[in-house]
file entry_22.txt (compact mmCIF, C-alpha atoms and all ligand atoms)
# COMPACT_ATOMS: atom_id res chain seq x y z
CA MET A 1 -208.97 224.09 -99.03
CA GLU A 2 -208.13 222.30 -102.24
CA ASN A 3 -205.03 224.20 -103.36
CA CYS A 4 -203.68 225.54 -100.09
CA ILE A 5 -200.05 224.38 -99.78
CA PHE A 6 -200.27 223.90 -96.02
CA CYS A 7 -203.53 221.90 -96.31
CA ARG A 8 -201.78 219.76 -98.92
CA ILE A 9 -198.80 219.20 -96.61
CA ILE A 10 -201.12 218.25 -93.75
CA ARG A 11 -203.07 215.83 -96.00
CA GLY A 12 -199.75 214.25 -97.04
CA GLU A 13 -200.07 215.43 -100.64
CA ALA A 14 -196.97 217.67 -100.52
CA PRO A 15 -193.66 216.93 -98.79
CA ALA A 16 -192.44 218.51 -95.55
CA TYR A 17 -190.06 217.73 -92.73
CA PHE A 18 -192.42 217.18 -89.81
CA ILE A 19 -191.22 217.90 -86.28
CA TYR A 20 -194.56 217.19 -84.56
CA ARG A 21 -198.04 215.98 -85.48
CA GLY A 22 -200.95 215.61 -83.10
CA ARG A 23 -203.88 217.26 -81.30
CA GLY A 24 -204.91 219.16 -84.43
CA VAL A 25 -201.55 220.92 -84.78
CA SER A 26 -198.52 220.20 -86.93
CA VAL A 27 -194.99 221.59 -86.80
CA PHE A 28 -192.78 221.34 -89.87
CA LEU A 29 -189.64 223.04 -91.13
CA ASP A 30 -189.85 226.19 -93.23
CA ILE A 31 -188.50 225.51 -96.71
CA PHE A 32 -186.64 228.87 -96.77
CA PRO A 33 -185.25 229.12 -93.24
CA VAL A 34 -184.01 232.40 -91.80
CA GLU A 35 -181.74 230.25 -89.65
CA LYS A 36 -181.30 226.52 -89.12
CA GLY A 37 -184.32 225.05 -87.33
CA HIS A 38 -186.86 227.60 -88.59
CA MET A 39 -190.23 225.93 -87.87
CA LEU A 40 -193.86 226.64 -88.71
CA ILE A 41 -196.70 225.76 -86.34
CA VAL A 42 -199.81 225.07 -88.41
CA PRO A 43 -203.31 223.97 -87.36
CA ASP A 44 -204.77 221.06 -89.32
CA GLU A 45 -207.92 223.09 -89.96
CA HIS A 46 -207.67 225.89 -92.51
CA TYR A 47 -208.04 229.48 -91.28
CA GLU A 48 -206.58 232.47 -93.08
CA SER A 49 -204.71 234.22 -90.27
CA LEU A 50 -205.00 235.11 -86.62
CA HIS A 51 -207.97 237.41 -87.34
CA ASP A 52 -210.30 234.51 -88.23
CA THR A 53 -208.75 231.72 -86.15
CA PRO A 54 -210.97 230.51 -83.27
CA PRO A 55 -209.45 231.42 -79.87
CA ARG A 56 -209.01 227.82 -78.84
CA ILE A 57 -206.93 227.08 -81.92
CA ALA A 58 -204.96 230.32 -81.57
CA ALA A 59 -204.23 229.33 -77.97
CA LYS A 60 -203.08 225.93 -79.14
CA LEU A 61 -200.65 227.41 -81.66
CA PHE A 62 -199.08 229.71 -79.08
CA THR A 63 -198.93 226.96 -76.46
CA VAL A 64 -196.90 224.92 -78.94
CA ALA A 65 -194.77 228.03 -79.61
CA ALA A 66 -194.04 228.36 -75.88
CA ALA A 67 -193.06 224.68 -75.71
CA LEU A 68 -190.73 225.06 -78.69
CA VAL A 69 -189.05 228.15 -77.23
CA ARG A 70 -188.58 226.23 -74.00
CA ILE A 71 -186.97 223.35 -75.91
CA LEU A 72 -184.74 225.61 -77.98
CA ARG A 73 -183.53 227.79 -75.11
CA ASN A 74 -183.43 225.37 -72.17
CA GLU A 75 -182.66 222.04 -73.80
CA LEU A 76 -180.78 222.91 -76.98
CA GLY A 77 -179.01 226.05 -75.76
CA PHE A 78 -180.05 228.49 -78.47
CA PRO A 79 -179.38 232.01 -77.14
CA GLY A 80 -182.38 233.57 -78.91
CA VAL A 81 -185.68 232.72 -80.65
CA ASN A 82 -188.18 234.77 -82.67
CA VAL A 83 -191.90 233.89 -82.55
CA ILE A 84 -193.79 235.63 -85.34
CA THR A 85 -197.09 235.47 -87.16
CA ASN A 86 -197.80 237.63 -90.20
CA SER A 87 -201.45 238.62 -90.60
CA GLY A 88 -202.35 240.04 -93.99
CA ARG A 89 -200.38 240.89 -97.11
CA PRO A 90 -199.00 244.27 -95.93
CA ALA A 91 -197.59 242.46 -92.88
CA GLY A 92 -195.74 240.09 -95.21
CA GLN A 93 -198.13 237.12 -95.16
CA GLU A 94 -197.54 234.90 -98.20
CA VAL A 95 -199.31 231.68 -97.24
CA PHE A 96 -202.90 232.30 -96.24
CA HIS A 97 -203.26 229.37 -93.86
CA ILE A 98 -202.51 230.60 -90.34
CA HIS A 99 -199.05 229.67 -89.09
CA VAL A 100 -196.64 230.79 -86.39
CA HIS A 101 -192.93 231.03 -87.19
CA VAL A 102 -190.49 229.84 -84.52
CA ILE A 103 -186.97 230.86 -85.52
CA PRO A 104 -183.94 229.83 -83.46
CA ARG A 105 -181.30 232.56 -83.54
CA TRP A 106 -177.56 232.13 -83.24
CA HIS A 107 -176.39 234.96 -85.38
CA GLY A 108 -178.18 237.98 -83.98
CA GLY A 109 -179.54 240.93 -85.88
CA GLY A 110 -182.96 240.80 -84.19
CA TRP A 111 -186.09 241.18 -86.29
CA ARG A 112 -184.27 243.40 -88.81
CA ARG A 113 -182.35 240.36 -90.02
CA LEU A 114 -185.26 238.04 -90.74
CA VAL A 115 -184.93 238.01 -94.52
CA SER A 116 -181.62 236.47 -95.51
CA ARG A 117 -182.69 233.03 -96.56
CA HIS A 118 -181.49 229.89 -98.28
CA ARG A 119 -183.29 226.78 -99.50
CA LEU A 120 -183.56 224.11 -96.79
CA THR A 121 -181.18 221.20 -97.42
CA ASP A 122 -181.87 217.55 -96.51
CA GLU A 123 -178.73 217.50 -94.38
CA GLU A 124 -179.72 220.59 -92.40
CA ALA A 125 -183.27 219.29 -91.92
CA ASN A 126 -182.19 215.85 -90.71
CA GLU A 127 -179.54 217.28 -88.40
CA PHE A 128 -182.09 219.56 -86.74
CA ILE A 129 -184.73 216.81 -86.49
CA ASP A 130 -182.21 214.55 -84.72
CA MET A 131 -181.36 217.37 -82.33
CA ILE A 132 -184.91 218.20 -81.31
CA LYS A 133 -186.43 214.69 -81.37
CA PRO A 134 -185.62 213.76 -77.72
CA TYR A 135 -187.56 216.81 -76.44
CA ILE A 136 -190.74 216.65 -78.50
CA HIS A 137 -192.67 215.16 -75.56
CA ILE A 138 -192.49 218.67 -74.00
CA ILE A 139 -195.01 219.84 -76.63
CA ASP A 140 -197.53 217.23 -75.43
CA GLU A 141 -196.83 218.17 -71.82
CA TYR A 142 -197.59 221.84 -72.53
CA LEU A 143 -200.75 221.01 -74.49
CA GLY A 144 -201.85 218.59 -71.78
CA GLU A 145 -201.40 221.20 -69.07
CA VAL A 146 -203.43 223.84 -70.91
CA PHE A 147 -206.09 221.74 -72.68
CA GLY A 148 -206.24 218.54 -70.61
CA GLU A 149 -204.91 215.14 -71.47
CA GLY A 150 -207.87 213.88 -73.47
CA MET A 151 -208.13 216.48 -76.23
P1 LIG A 201 -195.62 234.10 -94.32
O1 LIG A 201 -196.93 233.80 -94.95
O2 LIG A 201 -195.01 235.39 -94.75
O3 LIG A 201 -195.64 233.98 -92.82
O4 LIG A 201 -194.55 233.05 -94.83
C1 LIG A 201 -194.89 231.77 -95.28
C2 LIG A 201 -193.72 230.89 -95.00
O5 LIG A 201 -194.02 229.61 -95.49
C3 LIG A 201 -192.41 231.34 -95.66
O6 LIG A 201 -191.41 231.48 -94.67
C4 LIG A 201 -192.10 230.22 -96.66
O7 LIG A 201 -190.72 229.97 -96.77
C5 LIG A 201 -192.85 229.07 -96.05
N1 LIG A 201 -193.28 228.05 -97.02
C6 LIG A 201 -193.91 228.24 -98.18
N2 LIG A 201 -194.16 227.07 -98.80
C7 LIG A 201 -193.66 226.11 -97.99
C8 LIG A 201 -193.58 224.70 -98.06
N3 LIG A 201 -194.07 224.03 -99.12
N4 LIG A 201 -192.99 224.02 -97.06
C9 LIG A 201 -192.49 224.69 -95.99
N5 LIG A 201 -192.53 226.02 -95.86
C10 LIG A 201 -193.10 226.73 -96.84
ZN ZN A 202 -204.92 225.50 -95.77

call {"tool": "encode", "arguments": {"input": "entry_22.txt", "output": "structure tokens"}}
result
Amino acid sequence: MENCIFCRIIRGEAPAYFIYRGRGVSVFLDIFPVEKGHMLIVPDEHYESLHDTPPRIAAKLFTVAAALVRILRNELGFPGVNVITNSGRPAGQEVFHIHVHVIPRWHGGGWRRLVSRHRLTDEEANEFIDMIKPYIHIIDEYLGEVFGEGM
């Protein structure tokens, strides 16, 4: 898709803070985080939302989500995490390239407090990337277990 912002990020034509790239899936930081470490899991191929995403790719996105929740809760000690995908405009979808939000939560408020946002700063992004970097191999381990090593 020529003008899709997430396709442009994946092609390297627009900037993003990447957390993970590989096996047809990318993870990068949301530019307007709900909380520090707000990530988006995005397939390299363009699909609009979960309703038209092939099952294998949907499974891949949620396998990566499970790995990230594991990392955030077990390795980094976050007490809570939201995993969300918005499908369709009435559900709040703004970017029509399927993505899954993974939002570490320190401050509470549950899903009712998912809107207070600020612009991502370089400092915040780099701090979070340094924190999570040692555990990124867990994503490959999860994908390997579900889809096999050679995918
Ligand atoms: P939604 O479609 O409602 O799930 O939300 C799209 C998300 O993408 C929002 O949280 C935006 O802050 C985020 N977003 C939009 N453009 C960019 C971008 N260029 N880089 C990173 N995140 C983005
Ligand atoms: Zn796209």

call {"tool": "residues_around", "arguments": {"input": "entry_22.txt", "residues": "Met39 in chain A", "least_positions_apart": "6", "cutoff": "7 Å", "atoms": "all atoms listed in the file", "output": "ChimeraX atom specification"}}
result
/A:27-30,101-103

call {"tool": "residues_around", "arguments": {"input": "entry_22.txt", "residues": "range 85-88 of chain A", "least_positions_apart": "2", "cutoff": "8 Å", "atoms": "all atoms listed in the file", "output": "list in words"}}
result
Ser49, Leu50, His51, Val83, Pro90, Ala91, Gly92, Gln93, Ile98, His99, Val100 and His101 of chain A

call {"tool": "atom_distance", "arguments": {"input": "entry_22.txt", "atom1": "atom N2 of ligand LIG 201 (chain A)", "atom2": "CA of Phe32 in chain A"}}
result
8.0 Å

call {"tool": "residues_near_ligand", "arguments": {"input": "entry_22.txt", "ligand": "ligand ZN 202 (chain A)", "cutoff": "12 Å", "atoms": "only C-alpha atoms and all ligand atoms", "output": "MDAnalysis selection string"}}
result
chainID A and resid 1:11 42:49 95:99

call {"tool": "closest_residue", "arguments": {"input": "entry_22.txt", "among": "A:Pro33, A:Pro104, A:Gly22, A:Gly148", "to": "ligand LIG 201 (chain A)", "atoms": "all atoms listed in the file"}}
result
A:Pro33

call {"tool": "atom_distance", "arguments": {"input": "entry_22.txt", "atom1": "atom O3 of ligand LIG 201 (chain A)", "atom2": "CA of Glu94 in chain A"}}
result
5.8 Å

call {"tool": "residues_around", "arguments": {"input": "entry_22.txt", "residues": "Asn74 in chain A", "least_positions_apart": "6", "cutoff": "12 Å", "atoms": "only C-alpha atoms", "output": "PDB file with C-alpha atoms, keeping the file's coordinate frame"}}
result
ATOM      1  CA  ALA A  66    -194.040 228.360 -75.880  1.00  0.00           C
ATOM      2  CA  ALA A  67    -193.060 224.680 -75.710  1.00  0.00           C
ATOM      3  CA  LEU A  68    -190.730 225.060 -78.690  1.00  0.00           C
ATOM      4  CA  GLY A  80    -182.380 233.570 -78.910  1.00  0.00           C
ATOM      5  CA  VAL A  81    -185.680 232.720 -80.650  1.00  0.00           C
ATOM      6  CA  ILE A 132    -184.910 218.200 -81.310  1.00  0.00           C
ATOM      7  CA  TYR A 135    -187.560 216.810 -76.440  1.00  0.00           C
ATOM      8  CA  ILE A 138    -192.490 218.670 -74.000  1.00  0.00           C
TER       9      ILE A 138
END

call {"tool": "residues_around", "arguments": {"input": "entry_22.txt", "residues": "Tyr142 in chain A", "least_positions_apart": "4", "cutoff": "12 Å", "atoms": "all atoms listed in the file", "output": "list in words"}}
result
Arg23, Ala59, Lys60, Leu61, Phe62, Thr63, Val64, Ala65, Ala66, Ala67, Leu68, Val69, Arg70, Ile71, Tyr135, Ile136, His137, Ile138, Val146, Phe147, Gly148 and Glu149 of chain A

call {"tool": "atom_distance", "arguments": {"input": "entry_22.txt", "atom1": "CA of Ile84 in chain A", "atom2": "CA of Pro54 in chain A"}}
result
18.0 Å

call {"tool": "closest_residue", "arguments": {"input": "entry_22.txt", "among": "A:Arg112, A:Arg89, A:Lys36, A:His107", "to": "ligand LIG 201 (chain A)", "atoms": "only C-alpha atoms and all ligand atoms"}}
result
A:Arg89

call {"tool": "axis_aligned_box", "arguments": {"input": "entry_22.txt", "around": "ligand LIG 201 (chain A)", "padding_each_side": "6 Å", "output": "JSON"}}
result
{"center_x": -193.8, "center_y": 229.7, "center_z": -96.0, "size_x": 18.2, "size_y": 23.4, "size_z": 18.3}

call {"tool": "closest_residue", "arguments": {"input": "entry_22.txt", "among": "A:Asn82, A:Glu124, A:Arg56, A:Arg105", "to": "Ile31 in chain A", "atoms": "only C-alpha atoms"}}
result
A:Glu124

call {"tool": "closest_residue", "arguments": {"input": "entry_22.txt", "among": "A:Leu114, A:Ala58, A:Ile19, A:Ala14", "to": "Gly37 in chain A", "atoms": "only C-alpha atoms"}}
result
A:Ile19

call {"tool": "closest_residue", "arguments": {"input": "entry_22.txt", "among": "A:Gly77, A:Leu143, A:Trp111, A:Tyr17", "to": "Asp130 in chain A", "atoms": "only C-alpha atoms"}}
result
A:Tyr17

call {"tool": "closest_residue", "arguments": {"input": "entry_22.txt", "among": "A:Arg113, A:Arg21, A:His118, A:Arg73", "to": "ligand LIG 201 (chain A)", "atoms": "all atoms listed in the file"}}
result
A:His118

call {"tool": "decode", "arguments": {"input": "entry_22.txt", "residues": "range 1-35 of chain A", "atoms": "C-alpha atoms", "output": "PDB file, in the first residue's frame"}}
result
ATOM      1  CA  MET A   1       0.000   0.000   0.000  1.00  0.00           C
ATOM      2  CA  GLU A   2       1.634   3.156  -1.266  1.00  0.00           C
ATOM      3  CA  ASN A   3       0.529   5.664   1.371  1.00  0.00           C
ATOM      4  CA  CYS A   4      -0.087   3.466   4.380  1.00  0.00           C
ATOM      5  CA  ILE A   5       2.016   4.835   7.260  1.00  0.00           C
ATOM      6  CA  PHE A   6       2.772   1.387   8.665  1.00  0.00           C
ATOM      7  CA  CYS A   7       3.794   0.041   5.224  1.00  0.00           C
ATOM      8  CA  ARG A   8       6.071   3.073   4.913  1.00  0.00           C
ATOM      9  CA  ILE A   9       7.618   2.389   8.330  1.00  0.00           C
ATOM     10  CA  ILE A  10       8.180  -1.262   7.418  1.00  0.00           C
ATOM     11  CA  ARG A  11       9.765  -0.282   4.067  1.00  0.00           C
ATOM     12  CA  GLY A  12      12.068   2.111   5.957  1.00  0.00           C
ATOM     13  CA  GLU A  13      10.519   5.205   4.365  1.00  0.00           C
ATOM     14  CA  ALA A  14       9.206   6.632   7.657  1.00  0.00           C
ATOM     15  CA  PRO A  15      10.953   6.611  11.044  1.00  0.00           C
ATOM     16  CA  ALA A  16      10.066   4.390  13.992  1.00  0.00           C
ATOM     17  CA  TYR A  17      11.707   2.971  17.078  1.00  0.00           C
ATOM     18  CA  PHE A  18      11.884  -0.731  16.271  1.00  0.00           C
ATOM     19  CA  ILE A  19      11.838  -3.258  19.106  1.00  0.00           C
ATOM     20  CA  TYR A  20      11.794  -6.368  16.871  1.00  0.00           C
ATOM     21  CA  ARG A  21      11.943  -7.229  13.180  1.00  0.00           C
ATOM     22  CA  GLY A  22      11.747 -10.704  11.713  1.00  0.00           C
ATOM     23  CA  ARG A  23       9.553 -13.589  10.522  1.00  0.00           C
ATOM     24  CA  GLY A  24       7.167 -11.223   8.751  1.00  0.00           C
ATOM     25  CA  VAL A  25       6.334  -9.265  11.916  1.00  0.00           C
ATOM     26  CA  SER A  26       7.629  -5.987  13.287  1.00  0.00           C
ATOM     27  CA  VAL A  27       7.247  -4.399  16.705  1.00  0.00           C
ATOM     28  CA  PHE A  28       7.788  -0.665  17.101  1.00  0.00           C
ATOM     29  CA  LEU A  29       6.869   1.986  19.645  1.00  0.00           C
ATOM     30  CA  ASP A  30       3.592   3.870  19.380  1.00  0.00           C
ATOM     31  CA  ILE A  31       4.285   7.546  18.732  1.00  0.00           C
ATOM     32  CA  PHE A  32       1.542   8.608  21.212  1.00  0.00           C
ATOM     33  CA  PRO A  33       2.000   6.149  24.072  1.00  0.00           C
ATOM     34  CA  VAL A  34      -0.680   5.599  26.695  1.00  0.00           C
ATOM     35  CA  GLU A  35       2.190   4.664  28.994  1.00  0.00           C
TER      36      GLU A  35
END
